[in-house]
Amino acid sequence: MDTSTDALEAFFNNVITVKVDDSHDAVDIIDQTLLPTKVKRIKLHTREDIWEAIKKLRVRGAPAIGVCAAYGMALLADGYNTNNRAEFDQRFNQDKKYLASSRPTAVNLFWALNRMQSTLNSLPDSTSIPEVKAELWKEADAIQNEDVAISKNIGELGFNLIEELKVEGKPVGIQTHCNAGTLATAKYGTATAPMYTALEHGWAGTDMHVYCDETRPLLQGARLTAFELMNAGITTTVQCDNMASILMKSGAIDIIFVGCDRVAANGDAANKIGTSGLAIIANHYHVPFYVCAPTSTIDMSTPDGSKIPIEMRDGDEVTEMWYKHRMAPEGVDVYNPAFDVTDANLITGIITERGICHAPYNEAFKKIGMI
Ligand code: MRU
């Protein structure tokens, strides 16, 4: 496969996770539930469409959820048929509350909704309604564009780490969990950003070997990350989550990059279920374990991981969703948390767009301007 930067750019242009319909009458997303067999875009017109797309993981990954919610608010506000600012603000509040109820763990959802709210609040009552609507679209565009720049910076910092691991004649072994890639963000991904940045720095796709955890139960690693990396021409292997220990023991893995949905002030990091187990194994085998986190994912108001709300999802995702026949007895109780929290002491470093933070994280986050 071609790994030139032109090919990489073409790949990014083909996989635009969230965008706005040209006529500004819909949020346009790739329906990620259909990947990798079907690349299909769908249009979200109503608040119910947007809520359902986030809830059902048609659009997913913390930054992409934020971008979708921001464009969603701009779209909904654009449809308010009133010239009365108080009525406009009231409808905005109701829609914001509704979208905020879609998923609880990724803090980027609330961060993006609050940014849209702050934009609205900053506009004096004398601002005409068409101007208010235009400002909301502008803010959503800014959130999208900033996300590209943020993941680019994370990519450069992560690339420095993999460059140090490069030895002649052997690809750098990288493991990742879930999908913290292009499909989860506006462009480079977070955990995948070091890999795409390596291609931009002239590495061949064969200079690295990325091992994607399948990521039970919703298979984001197998369906989405492997799809992305192969399309970008990077050597890719998929393994089941319970193979991490034998894989690391074999010496194949030089470094691990994962994304995150919310980082607490002490550095505890919530990410897709299975991440904390991976970190524990990595610690055992002394494999560096990095969490890639835009600062929008760091929640200084949450003191530690025990306070991060963990989304519980339907049991049929475990027992039925991917099978021709049920794979557990009818009526069995199912435990299906969507995320777990990796303890800060298991994390080698947290890569933000402003620099790599190391323990003690509370202090490191303050140094990069988090309050
Ligand atoms: O349930 P998902 O698929 O939304 O979970 C996604 C993850 O856990 C990602 O690793 C995280 O959101 C970071 S995406 C850059």
# chains A, B, ... in the order shown; residues from 1 in each chain; ligands from 1
call {"tool": "residues_near_ligand", "arguments": {"ligand": "ligand 1", "cutoff": "7 Å", "atoms": "only C-alpha atoms and all ligand atoms", "output": "NGL selection string"}}
result
:A and (57 or 60-63 or 106 or 177-181 or 184-185 or 189-191 or 220 or 258-261 or 271-272 or 338-339)
call {"tool": "write_last_selection", "arguments": {"atoms": "N, CA, C and O atoms", "output": "CSV table (one decimal), in the first residue's frame"}}
result
chain,number,residue,atom,x,y,z
A,57,LEU,N,-23.4,4.8,19.4
A,57,LEU,CA,-22.0,4.7,19.0
A,57,LEU,C,-21.8,4.8,17.4
A,57,LEU,O,-20.9,4.3,16.9
A,60,ARG,N,-18.6,8.1,17.8
A,60,ARG,CA,-18.0,7.7,19.1
A,60,ARG,C,-16.6,8.2,19.2
A,60,ARG,O,-16.0,8.6,18.3
A,61,GLY,N,-16.0,7.9,20.5
A,61,GLY,CA,-14.7,8.5,20.7
A,61,GLY,C,-14.8,9.9,21.3
A,61,GLY,O,-15.6,10.7,20.7
A,62,ALA,N,-14.1,10.1,22.4
A,62,ALA,CA,-14.4,11.3,23.2
A,62,ALA,C,-14.4,12.6,22.3
A,62,ALA,O,-15.4,13.4,22.3
A,63,PRO,N,-13.3,12.9,21.6
A,63,PRO,CA,-13.3,14.2,20.9
A,63,PRO,C,-14.4,14.3,19.8
A,63,PRO,O,-15.0,15.3,19.6
A,106,ALA,N,-17.4,10.3,28.7
A,106,ALA,CA,-16.5,11.1,28.0
A,106,ALA,C,-16.8,12.6,28.4
A,106,ALA,O,-17.8,13.1,28.1
A,177,HIS,N,-5.5,0.0,22.2
A,177,HIS,CA,-6.8,-0.6,22.7
A,177,HIS,C,-7.9,0.3,22.2
A,177,HIS,O,-7.8,1.5,22.2
A,178,CYS,N,-9.0,-0.3,21.8
A,178,CYS,CA,-10.2,0.4,21.3
A,178,CYS,C,-9.9,1.2,20.1
A,178,CYS,O,-8.9,0.8,19.4
A,179,ASN,N,-10.5,2.3,19.8
A,179,ASN,CA,-10.2,3.2,18.7
A,179,ASN,C,-10.1,4.6,19.2
A,179,ASN,O,-11.1,5.2,19.6
A,180,ALA,N,-8.8,5.1,19.2
A,180,ALA,CA,-8.6,6.5,19.5
A,180,ALA,C,-7.9,7.0,18.3
A,180,ALA,O,-6.8,7.6,18.3
A,181,GLY,N,-8.6,6.8,17.1
A,181,GLY,CA,-8.0,7.2,15.9
A,181,GLY,C,-8.7,8.3,15.2
A,181,GLY,O,-9.5,9.0,15.8
A,184,ALA,N,-12.3,8.7,15.8
A,184,ALA,CA,-12.7,9.1,17.1
A,184,ALA,C,-12.4,10.6,17.3
A,184,ALA,O,-12.7,11.2,18.4
A,185,THR,N,-11.9,11.2,16.3
A,185,THR,CA,-11.5,12.7,16.4
A,185,THR,C,-11.7,13.4,15.1
A,185,THR,O,-12.4,12.9,14.2
A,189,GLY,N,-6.5,11.4,15.2
A,189,GLY,CA,-6.7,10.5,16.4
A,189,GLY,C,-5.8,11.0,17.5
A,189,GLY,O,-5.1,12.0,17.4
A,190,THR,N,-5.8,10.3,18.6
A,190,THR,CA,-4.9,10.6,19.7
A,190,THR,C,-3.9,9.5,19.8
A,190,THR,O,-2.7,9.7,19.6
A,191,ALA,N,-4.3,8.3,20.2
A,191,ALA,CA,-3.4,7.2,20.3
A,191,ALA,C,-2.8,6.8,18.9
A,191,ALA,O,-1.6,6.3,18.9
A,220,GLN,N,-14.2,-2.1,18.8
A,220,GLN,CA,-13.7,-0.9,18.1
A,220,GLN,C,-12.3,-1.1,17.6
A,220,GLN,O,-11.9,-0.5,16.6
A,258,VAL,N,-2.8,4.5,24.4
A,258,VAL,CA,-4.2,4.4,24.4
A,258,VAL,C,-4.9,5.8,24.5
A,258,VAL,O,-4.2,6.8,24.9
A,259,GLY,N,-6.1,5.9,24.2
A,259,GLY,CA,-6.8,7.2,24.3
A,259,GLY,C,-7.4,7.3,25.7
A,259,GLY,O,-7.1,6.5,26.6
A,260,CYS,N,-8.3,8.3,25.9
A,260,CYS,CA,-9.0,8.3,27.2
A,260,CYS,C,-10.3,9.1,27.0
A,260,CYS,O,-10.4,9.9,26.1
A,261,ASP,N,-11.2,8.9,27.9
A,261,ASP,CA,-12.5,9.6,27.9
A,261,ASP,C,-12.6,10.6,29.0
A,261,ASP,O,-13.4,11.6,28.9
A,271,ASN,N,-10.9,4.9,30.3
A,271,ASN,CA,-10.9,4.6,28.9
A,271,ASN,C,-11.6,3.3,28.7
A,271,ASN,O,-12.1,2.7,29.6
A,272,LYS,N,-11.8,2.9,27.4
A,272,LYS,CA,-12.5,1.8,27.1
A,272,LYS,C,-12.2,0.6,28.0
A,272,LYS,O,-11.1,0.3,28.3
A,338,ALA,N,-18.8,0.1,30.1
A,338,ALA,CA,-18.2,0.5,28.9
A,338,ALA,C,-16.8,1.0,29.1
A,338,ALA,O,-16.0,1.0,28.1
A,339,PHE,N,-16.4,1.3,30.3
A,339,PHE,CA,-15.1,1.9,30.6
A,339,PHE,C,-14.6,1.4,31.9
A,339,PHE,O,-15.3,0.9,32.7
call {"tool": "residues_around", "arguments": {"residues": "region 329-335 of chain A", "least_positions_apart": "3", "cutoff": "9 Å", "atoms": "only C-alpha atoms", "output": "MDAnalysis selection string"}}
result
chainID A and resid 312:316 318:319 326
call {"tool": "write_last_selection", "arguments": {"atoms": "N, CA, C and O atoms", "output": "compact mmCIF listing (two decimals), in the first residue's frame"}}
result
# COMPACT_ATOMS: atom_id res chain seq x y z
N MET A 312 -22.86 2.07 32.00
CA MET A 312 -23.19 0.65 31.92
C MET A 312 -24.06 0.46 30.68
O MET A 312 -24.96 1.26 30.42
N ARG A 313 -23.78 -0.57 29.89
CA ARG A 313 -24.52 -0.74 28.64
C ARG A 313 -25.29 -2.06 28.65
O ARG A 313 -25.09 -2.92 29.51
N ASP A 314 -26.16 -2.21 27.62
CA ASP A 314 -27.04 -3.39 27.58
C ASP A 314 -26.25 -4.69 27.46
O ASP A 314 -25.26 -4.76 26.73
N GLY A 315 -26.77 -5.70 28.13
CA GLY A 315 -26.11 -7.00 28.15
C GLY A 315 -26.09 -7.68 26.78
O GLY A 315 -25.21 -8.49 26.49
N ASP A 316 -27.04 -7.32 25.90
CA ASP A 316 -27.06 -8.02 24.60
C ASP A 316 -25.83 -7.69 23.76
O ASP A 316 -25.52 -8.41 22.81
N VAL A 318 -22.98 -8.14 24.78
CA VAL A 318 -22.05 -9.22 25.12
C VAL A 318 -22.58 -10.57 24.63
O VAL A 318 -21.83 -11.38 24.10
N THR A 319 -23.88 -10.77 24.78
CA THR A 319 -24.41 -12.12 24.55
C THR A 319 -24.92 -12.38 23.14
O THR A 319 -24.97 -13.52 22.70
N ARG A 326 -27.55 -16.68 20.21
CA ARG A 326 -27.11 -16.21 21.54
C ARG A 326 -25.92 -17.03 22.02
O ARG A 326 -25.87 -18.24 21.81
call {"tool": "select_by_dssp", "arguments": {"residues": "region 34-112 of chain A", "states": "strand (DSSP E or B)", "output": "list in words"}}
result
Arg41, Ile42, Lys43 and Leu44 of chain A
call {"tool": "write_last_selection", "arguments": {"atoms": "all heavy atoms", "output": "short mmCIF file (atom, residue, chain, number, x, y, z; two decimals), in the first residue's frame"}}
result
data_model
loop_
_atom_site.label_atom_id
_atom_site.label_comp_id
_atom_site.auth_asym_id
_atom_site.auth_seq_id
_atom_site.Cartn_x
_atom_site.Cartn_y
_atom_site.Cartn_z
N ARG A 41 -22.22 7.26 5.07
CA ARG A 41 -22.46 8.49 5.83
C ARG A 41 -23.96 8.61 6.08
O ARG A 41 -24.78 8.21 5.24
CB ARG A 41 -21.98 9.72 5.05
CG ARG A 41 -20.50 9.69 4.68
CD ARG A 41 -19.98 11.08 4.38
NE ARG A 41 -19.88 11.89 5.57
CZ ARG A 41 -18.81 11.93 6.37
NH1 ARG A 41 -17.72 11.27 6.08
NH2 ARG A 41 -18.82 12.68 7.47
N ILE A 42 -24.31 9.17 7.24
CA ILE A 42 -25.73 9.43 7.51
C ILE A 42 -25.89 10.88 7.96
O ILE A 42 -24.94 11.48 8.47
CB ILE A 42 -26.33 8.47 8.57
CG1 ILE A 42 -25.50 8.50 9.86
CG2 ILE A 42 -26.45 7.06 8.03
CD1 ILE A 42 -26.20 7.78 11.02
N LYS A 43 -27.08 11.40 7.78
CA LYS A 43 -27.33 12.80 8.14
C LYS A 43 -28.22 12.86 9.38
O LYS A 43 -29.25 12.18 9.44
CB LYS A 43 -27.98 13.53 6.98
CG LYS A 43 -27.03 13.73 5.80
CD LYS A 43 -27.67 14.55 4.71
CE LYS A 43 -26.95 14.44 3.38
NZ LYS A 43 -25.59 14.93 3.37
N LEU A 44 -27.81 13.69 10.32
CA LEU A 44 -28.57 13.85 11.56
C LEU A 44 -29.27 15.20 11.49
O LEU A 44 -28.61 16.24 11.37
CB LEU A 44 -27.63 13.79 12.77
CG LEU A 44 -26.59 12.65 12.76
CD1 LEU A 44 -25.63 12.80 13.94
CD2 LEU A 44 -27.29 11.29 12.80
#
call {"tool": "residues_around", "arguments": {"residues": "Ile308 (chain A)", "least_positions_apart": "6", "cutoff": "8 Å", "atoms": "only C-alpha atoms", "output": "number ranges by chain"}}
result
A: 105, 262, 264, 270, 302
call {"tool": "write_last_selection", "arguments": {"atoms": "C-alpha atoms", "output": "compact mmCIF listing (two decimals), in the first residue's frame"}}
result
# COMPACT_ATOMS: atom_id res chain seq x y z
CA THR A 105 -18.23 9.15 30.75
CA ARG A 262 -11.80 11.46 31.13
CA ALA A 264 -9.14 12.95 36.82
CA ALA A 270 -11.00 6.36 32.25
CA THR A 302 -12.97 15.27 39.30
call {"tool": "residues_around", "arguments": {"residues": "Lys133 (chain A)", "least_positions_apart": "6", "cutoff": "8 Å", "atoms": "only C-alpha atoms", "output": "PDB file with C-alpha atoms, in the first residue's frame"}}
result
ATOM      1  CA  ALA A  74     -25.326  24.928  16.238  1.00  0.00           C
ATOM      2  CA  ALA A  77     -30.117  26.575  17.412  1.00  0.00           C
ATOM      3  CA  ASP A  78     -30.180  27.485  13.722  1.00  0.00           C
TER       4      ASP A  78
END
call {"tool": "residues_around", "arguments": {"residues": "region 30-38 of chain A", "least_positions_apart": "5", "cutoff": "9 Å", "atoms": "only C-alpha atoms", "output": "PyMOL selection string"}}
result
chain A and resi 15-18+43+53+56-60+183+222-224+226-227
call {"tool": "residues_around", "arguments": {"residues": "Tyr285 (chain A)", "least_positions_apart": "4", "cutoff": "10 Å", "atoms": "only C-alpha atoms", "output": "PyMOL selection string"}}
result
chain A and resi 245+248-251+253+279-281
call {"tool": "write_last_selection", "arguments": {"atoms": "C-alpha atoms", "output": "tab-separated table (two decimals), in the first residue's frame"}}
result
chain	number	residue	atom	x	y	z
A	245	SER	CA	-0.14	-11.01	28.31
A	248	MET	CA	3.88	-8.61	25.81
A	249	LYS	CA	5.79	-11.54	27.25
A	250	SER	CA	6.95	-12.39	23.71
A	251	GLY	CA	8.75	-9.04	23.51
A	253	ILE	CA	5.51	-4.69	22.16
A	279	ALA	CA	-1.85	-1.25	31.93
A	280	ILE	CA	-1.42	-3.82	34.71
A	281	ILE	CA	0.11	-6.32	32.27
call {"tool": "closest_residue", "arguments": {"among": "A:Arg354, A:Lys166, A:Lys187, A:Lys324", "to": "Asp147 (chain A)", "atoms": "only C-alpha atoms"}}
result
A:Lys187
call {"tool": "select_by_dssp", "arguments": {"residues": "region 192-288 of chain A", "states": "helix (DSSP H, G or I)", "output": "PyMOL selection string"}}
result
chain A and resi 193-200+205-207+220-231+241-249+275-284
call {"tool": "write_last_selection", "arguments": {"atoms": "N, CA and C atoms", "output": "short mmCIF file (atom, residue, chain, number, x, y, z; two decimals), in the first residue's frame"}}
result
data_model
loop_
_atom_site.label_atom_id
_atom_site.label_comp_id
_atom_site.auth_asym_id
_atom_site.auth_seq_id
_atom_site.Cartn_x
_atom_site.Cartn_y
_atom_site.Cartn_z
N ALA A 193 -2.18 9.09 16.57
CA ALA A 193 -1.49 10.27 16.02
C ALA A 193 0.02 10.05 15.88
N PRO A 194 0.69 9.39 16.86
CA PRO A 194 2.14 9.17 16.67
C PRO A 194 2.43 8.33 15.42
N MET A 195 1.52 7.40 15.09
CA MET A 195 1.73 6.51 13.93
C MET A 195 1.56 7.30 12.63
N TYR A 196 0.49 8.09 12.54
CA TYR A 196 0.27 8.87 11.33
C TYR A 196 1.36 9.94 11.18
N THR A 197 1.80 10.48 12.32
CA THR A 197 2.88 11.48 12.27
C THR A 197 4.16 10.83 11.77
N ALA A 198 4.39 9.58 12.17
CA ALA A 198 5.59 8.87 11.68
C ALA A 198 5.56 8.78 10.15
N LEU A 199 4.39 8.49 9.59
CA LEU A 199 4.29 8.44 8.12
C LEU A 199 4.61 9.80 7.53
N GLU A 200 4.11 10.85 8.17
CA GLU A 200 4.39 12.21 7.66
C GLU A 200 5.88 12.55 7.77
N GLY A 205 5.07 2.35 6.27
CA GLY A 205 4.08 1.67 7.12
C GLY A 205 4.66 0.42 7.76
N THR A 206 5.69 -0.14 7.14
CA THR A 206 6.31 -1.36 7.67
C THR A 206 7.37 -1.06 8.75
N ASP A 207 7.65 0.22 8.99
CA ASP A 207 8.61 0.58 10.06
C ASP A 207 7.99 0.42 11.44
N GLN A 220 -14.21 -2.15 18.79
CA GLN A 220 -13.70 -0.94 18.14
C GLN A 220 -12.28 -1.13 17.60
N GLY A 221 -11.49 -1.97 18.28
CA GLY A 221 -10.11 -2.20 17.83
C GLY A 221 -10.07 -2.95 16.52
N ALA A 222 -10.84 -4.04 16.45
CA ALA A 222 -10.85 -4.87 15.25
C ALA A 222 -11.58 -4.18 14.10
N ARG A 223 -12.73 -3.60 14.40
CA ARG A 223 -13.55 -3.03 13.32
C ARG A 223 -13.03 -1.68 12.84
N LEU A 224 -12.54 -0.86 13.78
CA LEU A 224 -12.25 0.53 13.43
C LEU A 224 -10.75 0.83 13.34
N THR A 225 -10.00 0.47 14.39
CA THR A 225 -8.58 0.82 14.37
C THR A 225 -7.85 0.05 13.28
N ALA A 226 -8.13 -1.25 13.18
CA ALA A 226 -7.47 -2.05 12.14
C ALA A 226 -7.84 -1.53 10.75
N PHE A 227 -9.10 -1.15 10.58
CA PHE A 227 -9.57 -0.59 9.29
C PHE A 227 -8.78 0.67 8.94
N GLU A 228 -8.66 1.55 9.93
CA GLU A 228 -7.93 2.81 9.70
C GLU A 228 -6.46 2.57 9.36
N LEU A 229 -5.81 1.77 10.19
CA LEU A 229 -4.36 1.61 10.04
C LEU A 229 -4.03 0.91 8.73
N MET A 230 -4.83 -0.09 8.38
CA MET A 230 -4.57 -0.78 7.11
C MET A 230 -4.77 0.16 5.93
N ASN A 231 -5.80 1.00 6.02
CA ASN A 231 -6.02 1.97 4.95
C ASN A 231 -4.89 2.98 4.85
N ASP A 241 -8.48 -9.46 23.32
CA ASP A 241 -8.00 -8.72 24.50
C ASP A 241 -7.24 -9.63 25.47
N ASN A 242 -7.69 -10.90 25.56
CA ASN A 242 -7.05 -11.79 26.54
C ASN A 242 -5.72 -12.35 26.04
N MET A 243 -5.22 -11.81 24.93
CA MET A 243 -3.91 -12.25 24.42
C MET A 243 -2.81 -11.24 24.75
N ALA A 244 -3.17 -10.21 25.48
CA ALA A 244 -2.19 -9.14 25.75
C ALA A 244 -0.99 -9.65 26.53
N SER A 245 -1.23 -10.55 27.45
CA SER A 245 -0.14 -11.01 28.31
C SER A 245 0.88 -11.82 27.50
N ILE A 246 0.42 -12.76 26.71
CA ILE A 246 1.38 -13.57 25.93
C ILE A 246 2.10 -12.68 24.90
N LEU A 247 1.37 -11.71 24.38
CA LEU A 247 1.95 -10.81 23.39
C LEU A 247 3.08 -9.99 24.01
N MET A 248 2.84 -9.44 25.17
CA MET A 248 3.88 -8.61 25.81
C MET A 248 5.04 -9.47 26.28
N LYS A 249 4.72 -10.64 26.79
CA LYS A 249 5.79 -11.54 27.25
C LYS A 249 6.71 -11.92 26.09
N THR A 275 -8.76 -1.36 29.32
CA THR A 275 -7.53 -0.56 29.32
C THR A 275 -6.74 -0.76 30.61
N SER A 276 -7.45 -0.81 31.74
CA SER A 276 -6.70 -0.91 33.01
C SER A 276 -6.00 -2.27 33.11
N GLY A 277 -6.65 -3.31 32.60
CA GLY A 277 -6.00 -4.63 32.60
C GLY A 277 -4.74 -4.60 31.74
N LEU A 278 -4.82 -3.91 30.63
CA LEU A 278 -3.66 -3.80 29.73
C LEU A 278 -2.51 -3.07 30.45
N ALA A 279 -2.87 -2.03 31.20
CA ALA A 279 -1.85 -1.25 31.93
C ALA A 279 -1.18 -2.11 33.00
N ILE A 280 -1.98 -2.95 33.65
CA ILE A 280 -1.42 -3.82 34.71
C ILE A 280 -0.43 -4.81 34.08
N ILE A 281 -0.80 -5.37 32.94
CA ILE A 281 0.11 -6.32 32.27
C ILE A 281 1.37 -5.58 31.78
N ALA A 282 1.17 -4.39 31.25
CA ALA A 282 2.31 -3.60 30.74
C ALA A 282 3.29 -3.31 31.88
N ASN A 283 2.73 -2.98 33.05
CA ASN A 283 3.59 -2.72 34.20
C ASN A 283 4.40 -3.94 34.56
N HIS A 284 3.73 -5.10 34.52
CA HIS A 284 4.40 -6.36 34.88
C HIS A 284 5.58 -6.63 33.95
#
call {"tool": "closest_residue", "arguments": {"among": "A:Pro360, A:Pro294, A:Gly169, A:Gly79", "to": "Trp111 (chain A)", "atoms": "only C-alpha atoms"}}
result
A:Pro294
call {"tool": "atom_distance", "arguments": {"atom1": "CA of Asn121 (chain A)", "atom2": "CA of Cys68 (chain A)"}}
result
20.4 Å
call {"tool": "decode", "arguments": {"residues": "region 304-328 of chain A", "atoms": "N, CA and C atoms", "output": "PDB file, in the first residue's frame"}}
result
ATOM      1  N   ASP A 304     -10.398  12.217  41.587  1.00  0.00           N
ATOM      2  CA  ASP A 304      -9.728  10.951  41.275  1.00  0.00           C
ATOM      3  C   ASP A 304     -10.698  10.042  40.529  1.00  0.00           C
ATOM      4  N   GLY A 305     -10.173   8.906  40.072  1.00  0.00           N
ATOM      5  CA  GLY A 305     -10.944   8.022  39.197  1.00  0.00           C
ATOM      6  C   GLY A 305     -12.227   7.486  39.802  1.00  0.00           C
ATOM      7  N   SER A 306     -12.270   7.393  41.146  1.00  0.00           N
ATOM      8  CA  SER A 306     -13.473   6.812  41.763  1.00  0.00           C
ATOM      9  C   SER A 306     -14.700   7.700  41.519  1.00  0.00           C
ATOM     10  N   LYS A 307     -14.463   8.961  41.150  1.00  0.00           N
ATOM     11  CA  LYS A 307     -15.598   9.895  40.944  1.00  0.00           C
ATOM     12  C   LYS A 307     -16.006   9.985  39.467  1.00  0.00           C
ATOM     13  N   ILE A 308     -15.345   9.221  38.603  1.00  0.00           N
ATOM     14  CA  ILE A 308     -15.714   9.277  37.172  1.00  0.00           C
ATOM     15  C   ILE A 308     -16.924   8.373  36.938  1.00  0.00           C
ATOM     16  N   PRO A 309     -18.018   8.926  36.391  1.00  0.00           N
ATOM     17  CA  PRO A 309     -19.182   8.059  36.143  1.00  0.00           C
ATOM     18  C   PRO A 309     -18.889   7.051  35.035  1.00  0.00           C
ATOM     19  N   ILE A 310     -19.177   5.806  35.297  1.00  0.00           N
ATOM     20  CA  ILE A 310     -18.903   4.757  34.300  1.00  0.00           C
ATOM     21  C   ILE A 310     -20.219   4.319  33.660  1.00  0.00           C
ATOM     22  N   GLU A 311     -20.262   4.409  32.360  1.00  0.00           N
ATOM     23  CA  GLU A 311     -21.462   4.028  31.609  1.00  0.00           C
ATOM     24  C   GLU A 311     -21.655   2.508  31.659  1.00  0.00           C
ATOM     25  N   MET A 312     -22.860   2.072  32.001  1.00  0.00           N
ATOM     26  CA  MET A 312     -23.192   0.648  31.923  1.00  0.00           C
ATOM     27  C   MET A 312     -24.058   0.461  30.682  1.00  0.00           C
ATOM     28  N   ARG A 313     -23.776  -0.575  29.895  1.00  0.00           N
ATOM     29  CA  ARG A 313     -24.519  -0.740  28.641  1.00  0.00           C
ATOM     30  C   ARG A 313     -25.291  -2.064  28.645  1.00  0.00           C
ATOM     31  N   ASP A 314     -26.164  -2.211  27.623  1.00  0.00           N
ATOM     32  CA  ASP A 314     -27.039  -3.386  27.579  1.00  0.00           C
ATOM     33  C   ASP A 314     -26.253  -4.687  27.465  1.00  0.00           C
ATOM     34  N   GLY A 315     -26.766  -5.699  28.134  1.00  0.00           N
ATOM     35  CA  GLY A 315     -26.112  -7.003  28.146  1.00  0.00           C
ATOM     36  C   GLY A 315     -26.086  -7.679  26.784  1.00  0.00           C
ATOM     37  N   ASP A 316     -27.037  -7.322  25.902  1.00  0.00           N
ATOM     38  CA  ASP A 316     -27.059  -8.016  24.601  1.00  0.00           C
ATOM     39  C   ASP A 316     -25.832  -7.691  23.755  1.00  0.00           C
ATOM     40  N   GLU A 317     -25.099  -6.615  24.114  1.00  0.00           N
ATOM     41  CA  GLU A 317     -23.852  -6.332  23.389  1.00  0.00           C
ATOM     42  C   GLU A 317     -22.837  -7.466  23.620  1.00  0.00           C
ATOM     43  N   VAL A 318     -22.982  -8.138  24.779  1.00  0.00           N
ATOM     44  CA  VAL A 318     -22.053  -9.220  25.125  1.00  0.00           C
ATOM     45  C   VAL A 318     -22.579 -10.567  24.631  1.00  0.00           C
ATOM     46  N   THR A 319     -23.880 -10.769  24.783  1.00  0.00           N
ATOM     47  CA  THR A 319     -24.412 -12.118  24.554  1.00  0.00           C
ATOM     48  C   THR A 319     -24.916 -12.379  23.144  1.00  0.00           C
ATOM     49  N   GLU A 320     -25.320 -11.306  22.415  1.00  0.00           N
ATOM     50  CA  GLU A 320     -26.002 -11.544  21.140  1.00  0.00           C
ATOM     51  C   GLU A 320     -25.453 -10.794  19.947  1.00  0.00           C
ATOM     52  N   MET A 321     -25.021  -9.573  20.199  1.00  0.00           N
ATOM     53  CA  MET A 321     -24.838  -8.620  19.109  1.00  0.00           C
ATOM     54  C   MET A 321     -24.040  -9.136  17.910  1.00  0.00           C
ATOM     55  N   TRP A 322     -22.964  -9.883  18.141  1.00  0.00           N
ATOM     56  CA  TRP A 322     -22.076 -10.262  17.035  1.00  0.00           C
ATOM     57  C   TRP A 322     -22.269 -11.711  16.594  1.00  0.00           C
ATOM     58  N   TYR A 323     -23.264 -12.367  17.148  1.00  0.00           N
ATOM     59  CA  TYR A 323     -23.404 -13.801  16.908  1.00  0.00           C
ATOM     60  C   TYR A 323     -24.674 -14.124  16.132  1.00  0.00           C
ATOM     61  N   LYS A 324     -24.634 -15.260  15.413  1.00  0.00           N
ATOM     62  CA  LYS A 324     -25.847 -15.720  14.729  1.00  0.00           C
ATOM     63  C   LYS A 324     -26.859 -16.207  15.760  1.00  0.00           C
ATOM     64  N   HIS A 325     -26.339 -16.828  16.828  1.00  0.00           N
ATOM     65  CA  HIS A 325     -27.208 -17.336  17.898  1.00  0.00           C
ATOM     66  C   HIS A 325     -26.679 -16.782  19.210  1.00  0.00           C
ATOM     67  N   ARG A 326     -27.547 -16.679  20.206  1.00  0.00           N
ATOM     68  CA  ARG A 326     -27.112 -16.213  21.536  1.00  0.00           C
ATOM     69  C   ARG A 326     -25.924 -17.034  22.022  1.00  0.00           C
ATOM     70  N   MET A 327     -25.000 -16.397  22.716  1.00  0.00           N
ATOM     71  CA  MET A 327     -23.826 -17.113  23.210  1.00  0.00           C
ATOM     72  C   MET A 327     -23.834 -17.218  24.736  1.00  0.00           C
ATOM     73  N   ALA A 328     -24.957 -16.965  25.343  1.00  0.00           N
ATOM     74  CA  ALA A 328     -25.104 -17.171  26.791  1.00  0.00           C
ATOM     75  C   ALA A 328     -26.578 -17.501  27.025  1.00  0.00           C
TER      76      ALA A 328
END
